[in-house]
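This is input-v3.cif (mmCIF, C-alpha atoms).
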```
data_my_file
loop_
_atom_site.label_atom_id
_atom_site.label_comp_id
_atom_site.auth_asym_id
_atom_site.auth_seq_id
_atom_site.Cartn_x
_atom_site.Cartn_y
_atom_site.Cartn_z
CA MET F 1 -8.21 -57.64 2.81
CA GLU F 2 -6.09 -59.79 5.12
CA ALA F 3 -3.02 -57.82 4.15
CA PHE F 4 -4.85 -54.63 5.03
CA ALA F 5 -5.97 -56.06 8.39
CA HIS F 6 -2.39 -57.15 9.06
CA PHE F 7 -1.15 -53.70 8.12
CA VAL F 8 -3.67 -52.05 10.45
CA ALA F 9 -2.74 -54.40 13.30
CA GLU F 10 0.90 -53.38 12.96
CA LEU F 11 0.10 -49.70 13.45
CA SER F 12 0.60 -48.17 16.86
CA ALA F 13 -2.40 -46.91 18.85
CA GLY F 14 -1.60 -43.31 17.95
CA GLU F 15 -1.29 -44.10 14.26
CA GLN F 16 -4.57 -46.03 14.32
CA LYS F 17 -6.30 -43.10 15.97
CA ALA F 18 -4.89 -40.70 13.36
CA ALA F 19 -5.97 -43.03 10.54
CA GLN F 20 -9.48 -43.33 11.94
CA ALA F 21 -9.71 -39.54 12.29
CA ALA F 22 -8.59 -39.11 8.68
CA ILE F 23 -11.13 -41.65 7.44
CA GLY F 24 -13.88 -40.03 9.53
CA ALA F 25 -12.96 -36.59 8.23
CA GLY F 26 -13.07 -37.83 4.66
CA PHE F 27 -16.50 -39.33 5.21
CA ALA F 28 -17.72 -36.15 6.94
CA TYR F 29 -16.64 -34.00 4.01
CA GLY F 30 -17.91 -36.40 1.37
CA LEU F 31 -21.28 -37.05 2.98
CA ALA F 32 -21.76 -33.38 3.82
CA ALA F 33 -21.30 -32.51 0.14
CA ILE F 34 -24.09 -34.81 -1.07
CA GLY F 35 -27.04 -32.97 0.50
CA PRO F 36 -26.07 -29.50 -0.74
CA GLY F 37 -25.33 -31.03 -4.15
CA ILE F 38 -28.91 -32.24 -4.37
CA GLY F 39 -30.17 -28.93 -2.98
CA ILE F 40 -28.20 -26.82 -5.46
CA GLY F 41 -29.39 -29.00 -8.33
CA TYR F 42 -32.96 -28.45 -7.19
CA VAL F 43 -32.53 -24.67 -6.75
CA VAL F 44 -30.88 -24.19 -10.14
CA GLY F 45 -33.33 -26.52 -11.91
CA LYS F 46 -36.29 -24.56 -10.55
CA ALA F 47 -34.61 -21.27 -11.41
CA ILE F 48 -34.10 -22.38 -15.02
CA GLU F 49 -37.74 -23.46 -15.10
CA ALA F 50 -38.81 -20.04 -13.79
CA MET F 51 -36.65 -18.26 -16.38
CA ALA F 52 -38.17 -20.38 -19.13
CA ARG F 53 -41.68 -19.55 -17.96
CA GLN F 54 -41.03 -15.85 -17.49
CA PRO F 55 -37.92 -14.71 -19.34
CA GLU F 56 -38.33 -11.05 -18.37
CA ALA F 57 -37.86 -12.03 -14.72
CA ALA F 58 -34.48 -13.66 -15.40
CA GLY F 59 -32.53 -11.06 -13.41
CA MET F 60 -34.79 -11.42 -10.39
CA VAL F 61 -34.69 -15.21 -10.58
CA ARG F 62 -30.90 -15.23 -10.87
CA THR F 63 -30.62 -13.04 -7.78
CA THR F 64 -32.71 -15.51 -5.79
CA MET F 65 -30.87 -18.46 -7.33
CA PHE F 66 -27.45 -17.11 -6.41
CA LEU F 67 -28.47 -16.47 -2.81
CA GLY F 68 -30.09 -19.91 -2.66
CA ILE F 69 -26.92 -21.55 -3.92
CA ALA F 70 -24.82 -19.65 -1.39
CA PHE F 71 -27.09 -20.58 1.52
CA THR F 72 -27.18 -24.22 0.47
CA GLU F 73 -23.42 -24.23 0.12
CA ALA F 74 -23.11 -23.25 3.78
CA LEU F 75 -24.09 -26.84 4.63
CA ALA F 76 -21.14 -28.15 2.64
CA LEU F 77 -18.99 -25.59 4.39
CA ILE F 78 -20.00 -27.09 7.74
CA GLY F 79 -18.72 -30.44 6.46
CA PHE F 80 -15.51 -28.77 5.36
CA VAL F 81 -15.05 -27.20 8.77
CA VAL F 82 -15.61 -30.58 10.46
CA PHE F 83 -13.06 -32.02 8.06
CA ILE F 84 -10.57 -29.29 8.98
CA LEU F 85 -11.11 -29.85 12.69
CA LEU F 86 -11.05 -33.65 12.59
CA GLY F 87 -8.37 -34.81 10.32
CA LEU F 88 -6.76 -32.26 8.07
CA MET E 1 -39.55 -19.74 -26.07
CA LEU E 2 -35.92 -20.81 -25.79
CA PHE E 3 -34.95 -17.83 -27.92
CA ASP E 4 -36.78 -15.53 -25.48
CA VAL E 5 -34.96 -17.03 -22.52
CA GLN E 6 -31.58 -16.69 -24.21
CA GLN E 7 -32.31 -13.11 -25.22
CA SER E 8 -33.45 -12.27 -21.71
CA LEU E 9 -30.35 -13.82 -20.22
CA LEU E 10 -28.23 -12.00 -22.74
CA ARG E 11 -29.79 -8.70 -21.78
CA SER E 12 -29.55 -9.29 -18.07
CA GLY E 13 -26.08 -10.80 -18.41
CA ASP E 14 -24.62 -8.01 -20.49
CA ASN E 15 -25.84 -5.04 -18.56
CA ASN E 16 -26.49 -6.49 -15.18
CA PRO E 17 -24.38 -9.35 -13.87
CA VAL E 18 -26.50 -9.55 -10.72
CA GLU E 19 -24.48 -12.33 -9.07
CA LEU E 20 -21.26 -10.42 -9.47
CA ARG E 21 -22.79 -7.25 -8.10
CA ILE E 22 -24.14 -9.10 -5.05
CA ALA E 23 -20.83 -10.90 -4.46
CA SER E 24 -18.83 -7.69 -4.83
CA ASP E 25 -21.12 -5.98 -2.37
CA MET E 26 -20.70 -8.86 0.08
CA VAL E 27 -16.92 -8.67 -0.23
CA LYS E 28 -17.06 -4.91 0.32
CA ARG E 29 -19.06 -5.39 3.49
CA GLY E 30 -16.77 -8.23 4.52
CA MET E 31 -13.77 -5.91 4.18
CA PHE E 32 -15.34 -3.60 6.76
CA ALA E 33 -15.93 -6.50 9.13
CA ALA E 34 -12.53 -8.14 8.46
CA PRO E 35 -10.47 -6.22 11.05
CA ILE E 36 -12.96 -7.12 13.79
CA ILE E 37 -12.90 -10.82 12.86
CA VAL E 38 -9.09 -10.90 12.60
CA ILE E 39 -8.69 -9.15 15.95
CA ALA E 40 -11.22 -11.52 17.54
CA GLY E 41 -9.32 -14.51 16.13
CA GLY E 42 -6.09 -13.04 17.45
CA LEU E 43 -7.51 -12.44 20.90
CA ILE E 44 -8.88 -15.97 21.21
CA TRP E 45 -6.21 -18.08 19.47
CA GLY E 46 -3.22 -15.76 19.36
CA ARG E 47 -1.17 -14.83 16.33
CA ALA E 48 -2.03 -18.08 14.50
CA GLY E 49 -5.69 -17.33 15.10
CA ALA E 50 -5.39 -13.88 13.54
CA PHE E 51 -3.57 -15.21 10.46
CA SER E 52 -6.03 -18.08 10.11
CA ALA E 53 -8.99 -15.73 10.39
CA ALA E 54 -7.54 -13.57 7.62
CA PHE E 55 -6.89 -16.67 5.53
CA GLY E 56 -10.43 -17.93 6.12
CA LEU E 57 -11.91 -14.57 5.16
CA ALA E 58 -9.85 -14.50 1.96
CA LEU E 59 -11.13 -17.99 1.12
CA VAL E 60 -14.75 -16.97 1.67
CA PHE E 61 -14.36 -13.83 -0.47
CA PHE E 62 -12.65 -15.86 -3.19
CA ASN E 63 -15.40 -18.47 -3.09
CA PHE E 64 -18.18 -15.88 -3.43
CA LEU E 65 -16.46 -14.02 -6.25
CA LEU E 66 -15.59 -17.19 -8.14
CA ALA E 67 -19.13 -18.55 -7.85
CA ALA E 68 -20.61 -15.25 -8.99
CA SER E 69 -18.16 -14.84 -11.87
CA ILE E 70 -18.78 -18.23 -13.36
CA VAL E 71 -22.58 -18.03 -13.04
CA SER E 72 -22.61 -14.51 -14.56
CA TRP E 73 -20.36 -15.71 -17.37
CA ALA E 74 -22.55 -18.75 -18.03
CA ALA E 75 -25.74 -16.66 -17.97
CA ARG E 76 -24.43 -14.67 -20.93
CA ILE E 77 -24.17 -17.87 -22.96
CA SER E 78 -27.06 -20.22 -22.21
CA THR E 79 -29.36 -21.60 -19.55
CA THR E 80 -27.89 -25.07 -20.04
CA LEU E 81 -24.49 -23.72 -19.18
CA VAL E 82 -25.91 -22.04 -16.04
CA MET E 83 -27.14 -25.43 -14.87
CA ALA E 84 -23.87 -27.17 -15.70
CA VAL E 85 -21.68 -24.46 -14.23
CA SER E 86 -23.73 -24.26 -11.02
CA MET E 87 -23.46 -27.99 -10.39
CA PHE E 88 -19.91 -28.65 -11.48
CA GLY E 89 -18.82 -25.27 -10.19
CA TYR E 90 -20.00 -26.33 -6.74
CA PHE E 91 -17.91 -29.49 -6.75
CA ALA E 92 -14.96 -27.71 -8.36
CA ARG E 93 -15.03 -24.99 -5.72
CA LEU E 94 -15.19 -27.53 -2.90
CA ALA E 95 -12.19 -29.29 -4.41
CA LEU E 96 -10.41 -25.98 -4.89
CA MET E 97 -10.96 -24.98 -1.25
CA PHE E 98 -9.54 -28.31 -0.16
CA ALA E 99 -6.57 -27.88 -2.51
CA ILE E 100 -5.89 -24.39 -1.16
CA VAL E 101 -6.15 -25.30 2.53
CA TYR E 102 -4.44 -28.70 2.42
CA PRO E 103 -0.84 -27.53 1.74
CA PHE E 104 -1.01 -25.17 4.72
CA ARG E 105 -2.45 -27.69 7.18
CA ASN E 106 0.72 -28.08 9.24
CA GLU E 107 1.95 -24.52 9.05
CA PRO E 108 2.56 -22.98 12.47
CA TRP E 109 0.44 -19.95 11.59
CA ILE E 110 -2.67 -22.08 11.04
CA SER E 111 -5.18 -22.45 13.85
CA ARG E 112 -7.79 -24.95 12.69
CA TYR E 113 -10.51 -23.70 15.00
CA SER E 114 -10.02 -20.12 13.93
CA LEU E 115 -9.91 -21.02 10.23
CA GLY E 116 -12.98 -23.25 10.35
CA LEU E 117 -15.12 -20.99 12.48
CA THR E 118 -14.15 -17.89 10.53
CA MET E 119 -15.13 -19.53 7.25
CA LEU E 120 -18.47 -20.63 8.59
CA ILE E 121 -19.35 -17.42 10.40
CA ALA E 122 -18.14 -15.17 7.57
CA HIS E 123 -20.01 -17.13 4.91
CA LEU E 124 -23.31 -17.20 6.75
CA GLY E 125 -22.91 -13.78 8.33
CA LEU E 126 -22.20 -12.04 5.04
CA LEU E 127 -25.12 -13.77 3.35
CA ILE E 128 -27.56 -12.82 6.09
CA TRP E 129 -26.19 -9.28 6.13
CA GLU E 130 -26.54 -9.02 2.34
CA ILE E 131 -30.17 -10.12 2.38
CA ARG E 132 -31.09 -6.68 3.69
CA PHE E 133 -29.65 -4.99 0.60
CA VAL E 134 -30.94 -7.36 -2.06
CA SER E 135 -33.89 -6.33 -4.13
CA ILE E 136 -36.06 -9.05 -5.57
CA SER E 137 -38.12 -7.00 -7.96
CA LEU E 138 -38.46 -6.82 -11.72
CA ALA E 139 -37.42 -3.19 -11.80
CA TYR E 140 -34.24 -3.64 -9.80
CA PRO E 141 -32.89 -7.17 -9.92
CA GLY E 142 -29.82 -7.58 -7.74
CA LEU E 143 -29.12 -4.82 -5.27
CA LYS E 144 -31.61 -2.26 -4.05
CA PRO E 145 -31.15 1.16 -5.62
CA ARG E 146 -29.46 3.69 -3.41
CA GLN E 147 -31.56 6.47 -1.97
CA PRO E 148 -30.59 9.85 -3.38
CA ARG E 149 -28.98 12.12 -0.83
CA LYS E 150 -31.18 14.83 0.58
CA ASN E 151 -29.59 18.26 0.48
#
```

Would you write out, as structure tokens, the structure that this file holds?
Amino acid sequence: MEAFAHFVAELSAGEQKAAQAAIGAGFAYGLAAIGPGIGIGYVVGKAIEAMARQPEAAGMVRTTMFLGIAFTEALALIGFVVFILLGL
Amino acid sequence: MLFDVQQSLLRSGDNNPVELRIASDMVKRGMFAAPIIVIAGGLIWGRAGAFSAAFGLALVFFNFLLAASIVSWAARISTTLVMAVSMFGYFARLALMFAIVYPFRNEPWISRYSLGLTMLIAHLGLLIWEIRFVSISLAYPGLKPRQPRKN
């Protein structure tokens, strides 16, 4: 830990700023992926449940599921865009 | 019960890969809108903006088609695989997008604002646009049937 602190102290102001941006971008992308991950799990789980209850409606349920996944994924895409803008 | 579900998925998967049909339709509509988006990117951010907009659009199309292909493929096999593929496919696609964009991050033809905004707007815009053409009915799962032409 001390070695890391020493290493950080030796960096110039510009390098520190770049490092902080990179760390922030990584967190933004990682944290932004958690919510949609939970959401997609929920959507797909419910869709499987619906298909099990009413197998003849599988096509209809899959249509809704796919759109639900795509809409939920847009949240992760926002995180990706923030990542691109901050510290790619 | 499980047998019924598998049979139903098999039927719908073989004859009617709904996800793939929706994704293909979205890409088709996106192709019509692509010139406008690329020109807008070019006008705002210059040549780099135009290239980045095209790159972002290609990424969005690729993402839709890949997601649809793997879910349609999994639906032909089992419901368990649909669940697994949807979850791990999501993380795999995020990683893949990162892997595709990362090598080009310092290229002179990349405008980050254009790339990011294009991806976001294209993804959401195409989805919202597609909602109008999606049929959520037992008779026509997937896309709405086309109206016959009146002579």

Run the PyMOL selection byres ((chain F and resi 57) around 10) against the file shown and list the residues it catches, as a PDB file with C-alpha atoms, in the coordinates of the input.
```
ATOM      1  CA  ALA F  50     -38.810 -20.040 -13.790  1.00  0.00           C
ATOM      2  CA  MET F  51     -36.650 -18.260 -16.380  1.00  0.00           C
ATOM      3  CA  ALA F  52     -38.170 -20.380 -19.130  1.00  0.00           C
ATOM      4  CA  ARG F  53     -41.680 -19.550 -17.960  1.00  0.00           C
ATOM      5  CA  GLN F  54     -41.030 -15.850 -17.490  1.00  0.00           C
ATOM      6  CA  PRO F  55     -37.920 -14.710 -19.340  1.00  0.00           C
ATOM      7  CA  GLU F  56     -38.330 -11.050 -18.370  1.00  0.00           C
ATOM      8  CA  ALA F  58     -34.480 -13.660 -15.400  1.00  0.00           C
ATOM      9  CA  GLY F  59     -32.530 -11.060 -13.410  1.00  0.00           C
ATOM     10  CA  MET F  60     -34.790 -11.420 -10.390  1.00  0.00           C
ATOM     11  CA  VAL F  61     -34.690 -15.210 -10.580  1.00  0.00           C
ATOM     12  CA  ARG F  62     -30.900 -15.230 -10.870  1.00  0.00           C
TER      13      ARG F  62
ATOM     14  CA  VAL E   5     -34.960 -17.030 -22.520  1.00  0.00           C
ATOM     15  CA  SER E   8     -33.450 -12.270 -21.710  1.00  0.00           C
ATOM     16  CA  LEU E   9     -30.350 -13.820 -20.220  1.00  0.00           C
ATOM     17  CA  SER E  12     -29.550  -9.290 -18.070  1.00  0.00           C
ATOM     18  CA  ILE E 136     -36.060  -9.050  -5.570  1.00  0.00           C
ATOM     19  CA  SER E 137     -38.120  -7.000  -7.960  1.00  0.00           C
ATOM     20  CA  LEU E 138     -38.460  -6.820 -11.720  1.00  0.00           C
ATOM     21  CA  ALA E 139     -37.420  -3.190 -11.800  1.00  0.00           C
ATOM     22  CA  PRO E 141     -32.890  -7.170  -9.920  1.00  0.00           C
TER      23      PRO E 141
END
```

Could the residues of chain F that have an atom at most 12 Å from chain E be listed as a tab-separated table, each with its closest atom pair and the distance in Å to one decimal, counting only C-alpha atoms and ordered by chain and ascending residue number?
```
residue	atom	partner	partner_atom	distance
F:Gly26	CA	E:Phe98	CA	11.2
F:Tyr29	CA	E:Leu94	CA	9.6
F:Gly30	CA	E:Leu94	CA	10.2
F:Ala32	CA	E:Leu94	CA	11.1
F:Ala33	CA	E:Phe91	CA	8.3
F:Ile34	CA	E:Phe91	CA	9.9
F:Pro36	CA	E:Tyr90	CA	9.1
F:Gly37	CA	E:Met87	CA	7.2
F:Ile38	CA	E:Met87	CA	9.2
F:Gly39	CA	E:Met87	CA	10.0
F:Ile40	CA	E:Met87	CA	6.9
F:Gly41	CA	E:Met87	CA	6.4
F:Tyr42	CA	E:Met87	CA	10.0
F:Val43	CA	E:Met83	CA	9.8
F:Val44	CA	E:Met83	CA	6.2
F:Gly45	CA	E:Met83	CA	6.9
F:Lys46	CA	E:Met83	CA	10.2
F:Ala47	CA	E:Met83	CA	9.2
F:Ile48	CA	E:Thr79	CA	6.6
F:Glu49	CA	E:Thr79	CA	9.7
F:Ala50	CA	E:Val5	CA	10.0
F:Met51	CA	E:Val5	CA	6.5
F:Ala52	CA	E:Val5	CA	5.7
F:Arg53	CA	E:Met1	CA	8.4
F:Gln54	CA	E:Val5	CA	8.0
F:Pro55	CA	E:Val5	CA	4.9
F:Glu56	CA	E:Ser8	CA	6.0
F:Ala57	CA	E:Leu138	CA	6.0
F:Ala58	CA	E:Leu9	CA	6.3
F:Gly59	CA	E:Pro141	CA	5.2
F:Met60	CA	E:Pro141	CA	4.7
F:Val61	CA	E:Ile136	CA	8.1
F:Arg62	CA	E:Val18	CA	7.2
F:Thr63	CA	E:Gly142	CA	5.5
F:Thr64	CA	E:Ile136	CA	7.3
F:Met65	CA	E:Glu19	CA	9.0
F:Phe66	CA	E:Glu19	CA	6.2
F:Leu67	CA	E:Leu127	CA	7.5
F:Gly68	CA	E:Leu127	CA	9.9
F:Ile69	CA	E:Ser86	CA	8.2
F:Ala70	CA	E:Leu127	CA	7.6
F:Phe71	CA	E:Leu124	CA	7.3
F:Thr72	CA	E:Leu124	CA	10.2
F:Glu73	CA	E:Tyr90	CA	7.9
F:Ala74	CA	E:Leu124	CA	6.7
F:Leu75	CA	E:Leu120	CA	9.3
F:Ala76	CA	E:Leu94	CA	8.2
F:Leu77	CA	E:Leu120	CA	6.5
F:Ile78	CA	E:Leu120	CA	6.7
F:Gly79	CA	E:Gly116	CA	10.0
F:Phe80	CA	E:Gly116	CA	7.9
F:Val81	CA	E:Gly116	CA	4.7
F:Val82	CA	E:Gly116	CA	7.8
F:Phe83	CA	E:Gly116	CA	9.1
F:Ile84	CA	E:Arg112	CA	6.4
F:Leu85	CA	E:Arg112	CA	5.9
F:Leu86	CA	E:Arg112	CA	9.3
F:Gly87	CA	E:Arg105	CA	9.8
F:Leu88	CA	E:Arg105	CA	6.3
```

Checklist entry - When you draw a straight line from CA of Ala54 (chain E) to CA of Leu126 (chain E), how long is it in Å? => result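 Straight-line distance from CA of Ala54 (chain E) to CA of Leu126 (chain E) works out to 15.0 Å.
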
Checklist entry - So how far away is CA of Gly89 (chain E) from CA of Gly56 (chain E), in Å? => result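 Spanning CA of Gly56 (chain E) to CA of Gly89 (chain E) is a straight-line distance of 19.8 Å.
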
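Taking CA of Ile110 (chain E) and CA of Gly41 (chain E) as endpoints, the distance between them is 11.3 Å.
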